[in-house]
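Next comes input07.cif, a file with mmCIF, C-alpha atoms.
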data_my_file
#
loop_
_atom_site.label_atom_id
_atom_site.label_comp_id
_atom_site.auth_asym_id
_atom_site.auth_seq_id
_atom_site.Cartn_x
_atom_site.Cartn_y
_atom_site.Cartn_z
CA MET A 1 51.52 112.94 119.75
CA ASN A 2 53.86 110.47 121.43
CA ILE A 3 53.75 111.40 125.12
CA HIS A 4 57.36 110.27 125.55
CA ASP A 5 58.42 113.05 123.17
CA ILE A 6 56.89 115.82 125.31
CA GLN A 7 59.62 118.17 126.50
CA ILE A 8 59.15 120.38 129.57
CA ALA A 9 61.04 123.22 127.85
CA ASP A 10 58.17 123.54 125.36
CA TYR A 11 55.77 124.43 128.19
CA THR A 12 57.63 127.19 129.94
CA TYR A 13 57.44 130.97 129.64
CA HIS A 14 59.02 133.99 131.31
CA LEU A 15 57.20 134.91 134.54
CA PRO A 16 58.55 138.15 136.05
CA ASP A 17 58.87 137.92 139.82
CA GLU A 18 56.69 140.97 140.32
CA ARG A 19 53.76 139.21 138.62
CA ILE A 20 53.55 136.59 141.37
CA ALA A 21 50.72 137.48 143.73
CA ARG A 22 52.23 137.10 147.19
CA PHE A 23 49.09 138.25 149.01
CA PRO A 24 45.41 137.88 148.18
CA LEU A 25 43.04 140.66 147.18
CA SER A 26 40.92 142.09 150.00
CA GLU A 27 37.82 140.74 148.24
CA ARG A 28 38.11 137.26 146.74
CA ASP A 29 35.64 137.67 143.92
CA GLN A 30 37.14 140.92 142.58
CA SER A 31 40.03 139.16 140.87
CA LYS A 32 40.41 139.43 137.11
CA LEU A 33 38.88 136.72 134.94
CA LEU A 34 40.28 135.73 131.55
CA VAL A 35 37.70 133.86 129.49
CA TYR A 36 38.92 131.62 126.66
CA ARG A 37 36.09 130.16 124.60
CA GLN A 38 36.64 128.34 121.31
CA GLY A 39 39.65 130.42 120.35
CA HIS A 40 38.33 133.79 121.52
CA ILE A 41 39.69 135.63 124.59
CA SER A 42 37.80 138.21 126.64
CA HIS A 43 38.39 139.84 130.01
CA SER A 44 36.08 140.31 132.95
CA ARG A 45 35.92 140.13 136.74
CA PHE A 46 35.44 136.89 138.64
CA ASP A 47 32.10 137.83 140.18
CA GLN A 48 30.75 137.95 136.59
CA ILE A 49 31.71 134.35 135.80
CA GLY A 50 28.10 133.23 135.66
CA HIS A 51 27.60 135.22 132.45
CA PHE A 52 30.11 133.00 130.64
CA LEU A 53 29.05 129.55 131.79
CA PRO A 54 26.92 127.54 129.34
CA PRO A 55 23.39 126.51 130.38
CA ASN A 56 23.16 123.21 132.32
CA THR A 57 26.78 123.51 133.51
CA LEU A 58 27.70 121.44 136.55
CA LEU A 59 30.61 122.96 138.47
CA VAL A 60 32.59 120.40 140.47
CA PHE A 61 34.44 121.72 143.52
CA ASN A 62 37.13 120.17 145.68
CA ASN A 63 36.00 120.56 149.31
CA THR A 64 39.30 119.56 150.90
CA LYS A 65 40.42 121.75 153.81
CA VAL A 66 44.02 122.86 154.32
CA ILE A 67 45.53 121.73 157.61
CA PRO A 68 48.41 123.57 159.34
CA ALA A 69 50.73 120.74 158.32
CA ARG A 70 53.97 122.43 159.46
CA LEU A 71 54.31 121.28 163.09
CA LEU A 72 56.97 123.12 165.10
CA PHE A 73 58.77 121.56 168.07
CA GLN A 74 61.29 123.61 170.05
CA LYS A 75 64.03 121.79 171.96
CA SER A 76 65.45 122.97 175.29
CA THR A 77 68.56 124.05 173.35
CA GLY A 78 66.40 126.49 171.38
CA ALA A 79 66.64 124.49 168.15
CA VAL A 80 63.34 124.31 166.25
CA ILE A 81 62.44 121.09 164.44
CA GLU A 82 59.77 121.36 161.76
CA ILE A 83 57.75 118.26 160.93
CA PHE A 84 55.77 118.53 157.71
CA LEU A 85 52.89 116.03 157.53
CA LEU A 86 52.71 114.17 154.20
CA HIS A 87 50.71 110.93 154.42
CA PRO A 88 49.14 109.03 157.33
CA VAL A 89 50.34 105.45 157.75
CA LEU A 90 48.94 104.09 161.03
CA PRO A 91 46.37 103.26 162.28
CA THR A 92 44.89 104.11 158.87
CA PRO A 93 46.11 105.61 155.60
CA ILE A 94 42.70 107.26 155.06
CA ILE A 95 43.23 110.94 155.76
CA ASN A 96 39.70 111.72 156.95
CA LEU A 97 39.94 108.95 159.55
CA ALA A 98 43.55 109.68 160.50
CA MET A 99 42.61 113.23 161.45
CA GLU A 100 40.07 111.92 163.98
CA VAL A 101 42.41 109.54 165.86
CA THR A 102 42.46 110.41 169.57
CA ASP A 103 45.62 108.86 171.06
CA ALA A 104 48.40 108.03 168.58
CA CYS A 105 49.18 107.93 164.86
CA GLU A 106 52.09 107.62 162.45
CA TRP A 107 52.72 109.79 159.39
CA GLU A 108 55.27 109.92 156.65
CA CYS A 109 56.82 113.37 156.98
CA MET A 110 59.46 115.78 155.81
CA ILE A 111 61.69 117.03 158.63
CA GLY A 112 63.38 120.41 158.77
CA ASN A 113 66.55 120.80 160.84
CA ARG A 114 66.74 117.00 160.96
CA LYS A 115 70.38 116.90 162.08
CA ARG A 116 69.35 118.45 165.41
CA TRP A 117 66.91 115.59 166.12
CA LYS A 118 68.95 112.86 167.76
CA LYS A 119 68.14 109.22 167.18
CA GLY A 120 65.73 107.91 169.83
CA GLU A 121 64.90 111.42 171.08
CA ILE A 122 61.24 112.22 171.80
CA LEU A 123 60.20 115.78 171.02
CA THR A 124 57.38 117.43 172.95
CA ALA A 125 55.10 120.40 172.36
CA HIS A 126 52.77 121.72 175.08
CA LEU A 127 49.52 122.83 173.48
CA THR A 128 46.33 124.54 174.54
CA VAL A 129 43.48 123.05 172.57
CA ALA A 130 39.97 124.46 172.24
CA SER A 131 37.89 121.60 173.57
CA GLU A 132 34.80 120.74 175.58
CA ILE A 133 36.99 118.40 177.62
CA PRO A 134 37.98 120.15 180.89
CA THR A 135 41.68 119.29 180.49
CA ASN A 136 42.61 121.17 177.33
CA SER A 137 46.34 121.46 178.00
CA ILE A 138 47.89 118.65 175.97
CA THR A 139 51.46 117.45 175.48
CA LEU A 140 52.08 116.21 171.93
CA ARG A 141 55.00 113.79 171.61
CA ALA A 142 56.89 112.96 168.40
CA GLU A 143 59.44 110.24 167.73
CA ILE A 144 60.94 108.86 164.52
CA THR A 145 59.94 105.25 163.88
CA ASP A 146 61.40 104.90 160.39
CA GLU A 147 64.62 106.74 159.62
CA ALA A 148 64.51 106.15 155.87
CA LYS A 149 61.13 107.59 154.87
CA PRO A 150 61.12 109.25 157.49
CA GLN A 151 58.08 108.19 159.48
CA VAL A 152 57.04 109.87 162.73
CA ARG A 153 54.83 108.58 165.54
CA PHE A 154 52.72 111.16 167.36
CA SER A 155 51.14 110.37 170.72
CA TRP A 156 49.17 112.31 173.33
CA ASP A 157 46.74 111.88 176.21
CA GLY A 158 43.32 113.43 176.66
CA GLY A 159 41.14 111.99 173.90
CA ILE A 160 41.52 115.01 171.60
CA PRO A 161 41.30 114.36 167.82
CA PHE A 162 44.63 114.71 166.05
CA VAL A 163 43.25 117.44 163.79
CA GLU A 164 42.75 119.71 166.83
CA LEU A 165 46.37 119.20 167.88
CA VAL A 166 47.54 119.98 164.37
CA LYS A 167 45.56 123.22 164.39
CA ALA A 168 47.09 124.17 167.74
CA ALA A 169 50.69 123.25 166.87
CA GLY A 170 50.98 123.92 163.16
CA LEU A 171 51.36 126.60 160.54
CA ILE A 172 49.61 126.83 157.16
CA PRO A 173 52.08 125.51 154.53
CA LEU A 174 52.12 128.31 151.99
CA PRO A 175 53.57 127.54 148.54
CA PRO A 176 57.36 127.98 148.62
CA TYR A 177 57.30 130.32 145.61
CA LEU A 178 55.52 132.98 147.71
CA LYS A 179 58.82 133.41 149.56
CA ARG A 180 57.31 134.82 152.73
CA GLU A 181 56.26 133.76 156.19
CA VAL A 182 52.68 132.77 156.92
CA THR A 183 50.47 135.45 158.46
CA GLU A 184 47.38 135.22 160.65
CA GLN A 185 45.34 136.32 157.63
CA ASP A 186 46.43 133.25 155.64
CA LYS A 187 44.42 131.00 157.95
CA GLN A 188 41.28 132.36 156.29
CA THR A 189 42.46 133.52 152.88
CA TYR A 190 44.33 130.31 151.97
CA GLN A 191 41.11 128.34 152.47
CA THR A 192 38.07 128.12 150.20
CA VAL A 193 34.71 129.21 151.61
CA PHE A 194 33.40 125.69 150.94
CA SER A 195 36.31 123.77 152.53
CA GLU A 196 35.07 120.94 154.71
CA LYS A 197 37.26 117.83 154.78
CA ASP A 198 40.53 118.30 156.72
CA GLY A 199 43.61 116.86 155.07
CA ALA A 200 45.18 119.03 152.34
CA VAL A 201 48.60 120.65 152.65
CA ALA A 202 47.83 123.06 149.79
CA ALA A 203 44.64 124.84 148.82
CA PRO A 204 42.74 124.06 145.61
CA THR A 205 43.47 127.65 144.63
CA ALA A 206 40.98 128.05 141.77
CA GLY A 207 38.31 127.83 144.45
CA LEU A 208 39.73 130.75 146.42
CA HIS A 209 37.91 133.23 144.14
CA PHE A 210 34.45 131.99 145.08
CA THR A 211 32.43 133.81 147.73
CA LYS A 212 29.08 132.82 149.16
CA ARG A 213 27.60 135.66 147.12
CA VAL A 214 28.98 134.28 143.84
CA LEU A 215 27.88 130.76 144.72
CA GLN A 216 24.34 132.02 145.37
CA GLN A 217 24.32 133.94 142.09
CA LEU A 218 25.30 130.77 140.23
CA THR A 219 22.57 128.79 141.98
CA ASP A 220 19.99 131.44 141.09
CA GLN A 221 21.19 131.24 137.50
CA GLY A 222 20.60 127.48 137.42
CA ILE A 223 24.27 126.48 137.42
CA GLY A 224 24.68 123.19 139.31
CA GLU A 225 27.32 122.45 141.91
CA GLU A 226 28.80 119.20 143.19
CA PHE A 227 31.61 118.41 145.59
CA LEU A 228 34.29 115.75 145.79
CA THR A 229 37.43 115.55 147.90
CA LEU A 230 41.02 115.40 146.70
CA HIS A 231 43.50 116.03 149.50
CA VAL A 232 46.15 118.14 147.79
CA GLY A 233 49.64 116.88 148.65
CA ALA A 234 53.00 118.62 148.95
CA GLY A 235 53.98 117.04 145.63
CA THR A 236 51.88 119.66 143.86
CA PHE A 237 54.80 122.07 144.46
CA GLN A 238 57.45 119.58 143.42
CA PRO A 239 59.53 121.18 140.66
CA VAL A 240 59.96 119.30 137.39
CA LYS A 241 63.69 118.59 137.14
CA VAL A 242 63.67 116.39 134.04
CA GLN A 243 63.45 117.36 130.38
CA GLN A 244 61.16 114.56 129.27
CA ALA A 245 57.75 115.04 130.88
CA THR A 246 56.93 111.36 131.41
CA GLU A 247 60.09 110.88 133.48
CA HIS A 248 58.78 113.20 136.19
CA THR A 249 57.90 111.38 139.41
CA MET A 250 54.24 112.25 139.76
CA HIS A 251 52.85 112.71 143.26
CA SER A 252 49.97 110.58 144.51
CA GLU A 253 46.95 112.18 146.15
CA GLN A 254 44.01 110.70 148.05
CA VAL A 255 40.57 111.25 146.55
CA VAL A 256 37.07 110.49 147.84
CA TYR A 257 33.88 110.04 145.80
CA SER A 258 30.38 109.41 147.12
CA GLN A 259 27.58 107.52 145.39
CA ALA A 260 25.58 110.75 145.27
CA THR A 261 28.41 112.56 143.45
CA ILE A 262 28.69 109.84 140.81
CA GLN A 263 24.93 109.89 140.27
CA ARG A 264 25.02 113.66 139.83
CA LEU A 265 27.87 113.43 137.34
CA LEU A 266 25.93 110.87 135.30
CA GLN A 267 23.11 113.39 134.92
CA HIS A 268 25.47 116.05 133.54
CA ILE A 269 27.82 114.23 131.15
CA GLY A 270 28.90 116.76 128.53
CA HIS A 271 28.34 119.75 130.80
CA ILE A 272 30.93 119.23 133.57
CA ILE A 273 33.44 121.98 134.39
CA PRO A 274 35.85 121.36 137.28
CA VAL A 275 36.91 124.19 139.57
CA GLY A 276 40.67 123.76 139.64
CA THR A 277 43.23 121.28 138.42
CA THR A 278 42.70 119.06 141.47
CA SER A 279 39.02 118.65 140.64
CA MET A 280 39.95 117.91 137.04
CA ARG A 281 42.46 115.25 138.09
CA ALA A 282 39.87 113.72 140.41
CA LEU A 283 37.16 113.65 137.75
CA GLU A 284 39.32 112.19 135.02
CA SER A 285 40.72 109.60 137.45
CA LEU A 286 37.16 108.51 138.23
CA TYR A 287 36.60 107.63 134.58
CA TRP A 288 39.68 105.38 134.53
CA VAL A 289 38.53 103.65 137.70
CA GLY A 290 35.41 102.77 135.72
CA VAL A 291 37.46 101.53 132.76
CA HIS A 292 39.38 99.15 135.01
CA GLU A 293 36.18 98.00 136.67
CA LEU A 294 34.62 97.16 133.29
CA ARG A 295 37.71 95.34 132.08
CA GLN A 296 38.22 93.57 135.38
CA ARG A 297 41.93 94.31 135.30
CA PHE A 298 41.42 94.68 139.01
CA SER A 299 38.24 94.84 141.06
CA GLN A 300 39.48 97.25 143.71
CA VAL A 301 36.15 99.05 143.75
CA ASN A 302 34.74 96.00 145.54
CA LYS A 303 37.19 96.78 148.35
CA GLY A 304 36.24 100.44 148.36
CA THR A 305 39.63 101.59 147.06
CA PHE A 306 41.67 102.08 143.88
CA PHE A 307 44.98 103.37 142.52
CA ILE A 308 45.39 105.16 139.18
CA GLN A 309 48.98 105.22 137.92
CA LYS A 310 50.34 108.33 136.21
CA LEU A 311 50.36 106.92 132.66
CA ASP A 312 47.33 104.63 132.96
CA PRO A 313 45.25 106.57 130.39
CA TYR A 314 47.95 106.32 127.74
CA GLN A 315 48.18 102.53 127.96
CA GLN A 316 44.61 101.93 126.77
CA ASP A 317 43.27 101.18 123.31
CA ALA A 318 41.34 104.36 122.51
CA ALA A 319 39.14 102.55 119.99
CA THR A 320 37.71 100.26 122.66
CA LEU A 321 37.26 102.73 125.50
CA PRO A 322 33.81 102.77 127.14
CA SER A 323 31.69 105.91 127.21
CA ALA A 324 31.68 108.12 130.29
CA HIS A 325 28.19 106.83 131.12
CA GLU A 326 29.36 103.21 130.93
CA ALA A 327 32.43 103.84 133.08
CA LEU A 328 30.60 105.71 135.83
CA ASN A 329 27.70 103.28 135.86
CA ALA A 330 30.16 100.41 136.34
CA ILE A 331 31.56 102.10 139.45
CA LEU A 332 28.13 102.97 140.79
CA ASP A 333 26.85 99.40 140.28
CA ALA A 334 29.85 97.96 142.12
CA MET A 335 29.47 100.42 145.01
CA GLN A 336 25.79 99.65 145.36
CA GLU A 337 26.35 95.89 145.22
CA GLN A 338 28.96 96.13 147.97
CA ASN A 339 27.03 98.81 149.90
CA ILE A 340 30.00 101.18 149.63
CA GLN A 341 28.90 104.76 150.28
CA GLU A 342 32.31 106.37 149.71
CA LEU A 343 35.02 105.22 147.33
CA ILE A 344 38.48 106.19 148.60
CA GLY A 345 41.69 105.71 146.66
CA GLU A 346 44.86 107.28 145.27
CA THR A 347 45.64 108.87 141.94
CA GLU A 348 48.89 110.00 140.40
CA ILE A 349 47.31 110.65 136.98
CA MET A 350 49.40 112.83 134.69
CA ILE A 351 47.35 114.86 132.22
CA LEU A 352 49.60 115.58 129.23
CA PRO A 353 49.05 117.16 125.81
CA GLY A 354 47.19 114.57 123.79
CA TYR A 355 45.20 113.33 126.79
CA PRO A 356 41.68 112.14 125.85
CA PHE A 357 39.36 114.07 128.19
CA GLN A 358 36.39 111.97 129.25
CA LEU A 359 34.36 114.00 131.76
CA CYS A 360 35.67 117.57 131.73
CA THR A 361 34.51 120.03 129.07
CA GLY A 362 36.31 123.09 130.46
CA LEU A 363 38.23 124.34 133.47
CA ILE A 364 38.28 127.20 135.97
CA THR A 365 41.87 127.69 137.06
CA ASN A 366 44.59 130.16 138.06
CA PHE A 367 47.78 130.89 136.09
CA HIS A 368 50.47 128.32 136.77
CA GLN A 369 54.23 128.08 137.13
CA PRO A 370 56.26 127.77 133.93
CA GLY A 371 57.33 124.22 133.10
CA SER A 372 55.06 122.64 135.73
CA THR A 373 52.80 119.60 135.45
CA LEU A 374 49.87 122.02 135.74
CA MET A 375 51.06 123.85 132.62
CA LEU A 376 51.05 120.48 130.85
CA LEU A 377 47.47 119.93 132.03
CA VAL A 378 46.34 123.33 130.70
CA ALA A 379 48.05 122.62 127.37
CA ALA A 380 46.28 119.25 127.24
CA LEU A 381 42.96 121.10 127.40
CA VAL A 382 43.56 124.11 125.11
CA GLY A 383 46.47 122.92 122.97
CA GLU A 384 49.03 125.40 121.69
CA GLN A 385 46.61 128.21 122.54
CA TRP A 386 48.04 128.14 126.06
CA LYS A 387 50.80 130.41 124.77
CA THR A 388 48.31 132.98 123.51
CA ILE A 389 46.33 132.81 126.74
CA TYR A 390 49.37 133.32 128.97
CA THR A 391 50.78 136.08 126.77
CA GLU A 392 47.44 137.86 126.96
CA ALA A 393 47.38 137.52 130.74
CA LEU A 394 50.89 138.91 131.09
CA GLN A 395 50.13 141.84 128.78
CA ASN A 396 46.99 142.68 130.77
CA ASP A 397 48.62 142.73 134.20
CA TYR A 398 47.08 139.54 135.55
CA ARG A 399 48.39 138.29 138.89
CA PHE A 400 49.87 134.78 138.79
CA LEU A 401 49.97 131.60 140.92
CA SER A 402 48.09 130.68 144.10
CA TYR A 403 46.83 134.09 145.20
CA GLY A 404 46.58 135.34 141.61
CA ASP A 405 43.79 135.93 139.11
CA SER A 406 41.55 133.38 137.42
CA SER A 407 40.67 131.98 134.02
CA LEU A 408 37.75 130.11 132.51
CA LEU A 409 38.95 127.82 129.74
CA MET A 410 36.38 126.32 127.35
CA PRO A 411 37.98 124.93 124.18
#
Serialized structure, structure tokens:
Amino acid sequence: MNIHDIQIADYTYHLPDERIARFPLSERDQSKLLVYRQGHISHSRFDQIGHFLPPNTLLVFNNTKVIPARLLFQKSTGAVIEIFLLHPVLPTPIINLAMEVTDACEWECMIGNRKRWKKGEILTAHLTVASEIPTNSITLRAEITDEAKPQVRFSWDGGIPFVELVKAAGLIPLPPYLKREVTEQDKQTYQTVFSEKDGAVAAPTAGLHFTKRVLQQLTDQGIGEEFLTLHVGAGTFQPVKVQQATEHTMHSEQVVYSQATIQRLLQHIGHIIPVGTTSMRALESLYWVGVHELRQRFSQVNKGTFFIQKLDPYQQDAATLPSAHEALNAILDAMQEQNIQELIGETEIMILPGYPFQLCTGLITNFHQPGSTLMLLVAALVGEQWKTIYTEALQNDYRFLSYGDSSLLMP
């Protein structure tokens, strides 16, 4: 298949509004589970997922943690300005580090009610922050430093990490298609039980079904688990407005791999199932980092960073591609030589029908929006069977999108 012939219209379907799950179930692991295995579909409940996973499976989870990225500032006139955090710029673009800054930082943002924010005006928000520091009343200041992007500088006194100010000032950024205001409950329910690394503006929603009880059951069953970090960006909700898939401007997301994770993956090649599309994108991107390292097209691993472009995988000669073992070992060798414990970079990989999967043998995922890049990813894994799978889910009253039901796809 020529990827430039892929039309978005071929990957859409009718999703009735009432099938969108606007609120979560009271118990995470009681969601429905559609199992697709080598052409056969069966139905179960999520807490039974262990019965369907092959022996020696390694589940790979995304341990990013959603931050309340919608910061609200109210002016004396009563006007409310919303600043939506996108990407840190200064003093570091590395999200994990940017969240720990204690005096000032700059972020690329989206701004709501922008016309009410006058040029040169400094907005302030007076916050009460849970802290061991006696003075926990903090004033957070915001000013635009770059009108075009736009880019906003935040500053404050008191030595409090930026992440604590965000938690005090912000709201959880629910997906726009839920069409409702955030509730207090969302602070817990729109977060996986294994979330750890602050920095995402959207949850890796396939992971929302897991409870500590299910995780323990899987461990007892001998199913392995490993964690990586991909900080989900706002671009994940960006609608596809073009007809030709490759013309879509793919969002870039920051991803973090440790040496230990790569070593664990090497031990389970052929048995790796990502939990969610973000984990799949992170895993497949890792392979292409290894390809570039082997071919010395760039040696960014030596600097502890990398960037995978959206169509990188489709510009390679498939006949000369290295094995997954070779690619991952190349990265691991470079990290060890340079004493790099964590490899941090950006990926905008686009997984399209015809994509040559290198690490992932299946996928645990929710049911996605029609005509989205995530639908293209699912179709890349299961082929034209995506239509049968989604028809089956609709006919069996599955709940769709972020707070919806789950599927286990094993072609």
Put the listed atoms of range 84-100 of chain A in a box along x, y and z with 3 Å added on every side and give me the centre and edge lengths in Å to one decimal, as lines of an AutoDock Vina configuration file.
center_x = 47.7
center_y = 110.9
center_z = 159.1
size_x = 22.1
size_y = 21.3
size_z = 15.8
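Here the question is which of A:Val152, A:Leu208, A:Ile223, A:Leu165 gets nearest to Ser31 in chain A using all atoms listed in the file, and that residue is A:Leu208.
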- For the file shown, what are the residues hit by the PyMOL selection byres ((chain A and resi 365) around 6), laid out as a ChimeraX atom specification? /A:206,276,364,366,406-407
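With all atoms listed in the file as the atoms that count, the minimum distance from His126 in chain A to the choices A:Arg141, A:Arg37, A:Lys187, A:His368 is reached by A:Arg141.
Using only C-alpha atoms for every distance, the candidate list A:Asn329, A:Thr192, A:Thr229, A:Thr128 yields A:Asn329 as the residue closest to Arg264 in chain A.
With distances restricted to only C-alpha atoms, A:Thr246 is the closest residue to Thr373 in chain A from A:Thr246, A:Thr124, A:Gln315, A:Thr388.
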- Which of these, A:Asp17, A:Glu121, A:Glu226, A:Asp317, has the shortest distance to Lys179 in chain A once you count all atoms listed in the file? A:Asp17
- Message: Expand the PyMOL selection byres ((chain A and resi 116) around 10) into the explicit residue set it covers here, and present it as a PyMOL selection string.
- Response: chain A and resi 75+77+79-81+112-115+117-119
- Message: What does the structure give for the distance between CA of Ala9 in chain A and CA of Ile41 in chain A, in Å to one decimal?
- Response: 24.9 Å
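The interatomic distance for the pair CA of Ile269 in chain A and CA of Phe52 in chain A works out to 18.9 Å.
Among the candidate residues A:Val163, A:Leu359, A:Ala69, A:Met335, the one lying nearest to Glu284 in chain A is A:Leu359, with distances computed using only C-alpha atoms.
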- Task: Could you state which residues are captured by the PyMOL selection byres ((chain A and resi 252) around 12) in this file, as a VMD selection string?
- Result: chain A and resid 86 to 87 230 to 236 238 249 to 251 253 to 255 278 281 to 282 285 306 to 310 345 to 350
- One decimal place gives the CA of Leu85 in chain A-CA of Leu25 in chain A separation as 28.5 Å
Find the residues near range 38-40 of chain A: any atom within 10 Å, counting only C-alpha atoms, skip ones fewer than 5 places away on the same chain, and give them as a PDB file with C-alpha atoms, in the coordinates of the input.
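See around29.pdb below for the written result:
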ATOM      1  CA  VAL A 382      43.560 124.110 125.110  1.00  0.00           C
ATOM      2  CA  GLN A 385      46.610 128.210 122.540  1.00  0.00           C
ATOM      3  CA  THR A 388      48.310 132.980 123.510  1.00  0.00           C
ATOM      4  CA  ILE A 389      46.330 132.810 126.740  1.00  0.00           C
ATOM      5  CA  LEU A 409      38.950 127.820 129.740  1.00  0.00           C
ATOM      6  CA  MET A 410      36.380 126.320 127.350  1.00  0.00           C
ATOM      7  CA  PRO A 411      37.980 124.930 124.180  1.00  0.00           C
TER       8      PRO A 411
END
- Task: Mind listing whatever residues come within 12 Å of the point (52.3, 136.8, 155.8)? Use all atoms listed in the file, file coordinates, and give them as a list of chain:residue names.
- Result: A:Arg22, A:Phe23, A:Pro24, A:Leu171, A:Ile172, A:Pro173, A:Leu174, A:Pro175, A:Leu178, A:Lys179, A:Arg180, A:Glu181, A:Val182, A:Thr183, A:Glu184, A:Gln185, A:Asp186, A:Lys187, A:Gln188, A:Thr189, A:Tyr190
Tell me which protein, DNA and RNA residues are within 7 Å of Asn96 in chain A, counting all atoms listed in the file, leaving out same-chain ones fewer than 6 positions away, and put them as a PDB file with C-alpha atoms, in the frame of the given file.
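File written: out.pdb
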ATOM      1  CA  LYS A 197      37.260 117.830 154.780  1.00  0.00           C
ATOM      2  CA  ASP A 198      40.530 118.300 156.720  1.00  0.00           C
ATOM      3  CA  GLY A 199      43.610 116.860 155.070  1.00  0.00           C
TER       4      GLY A 199
END
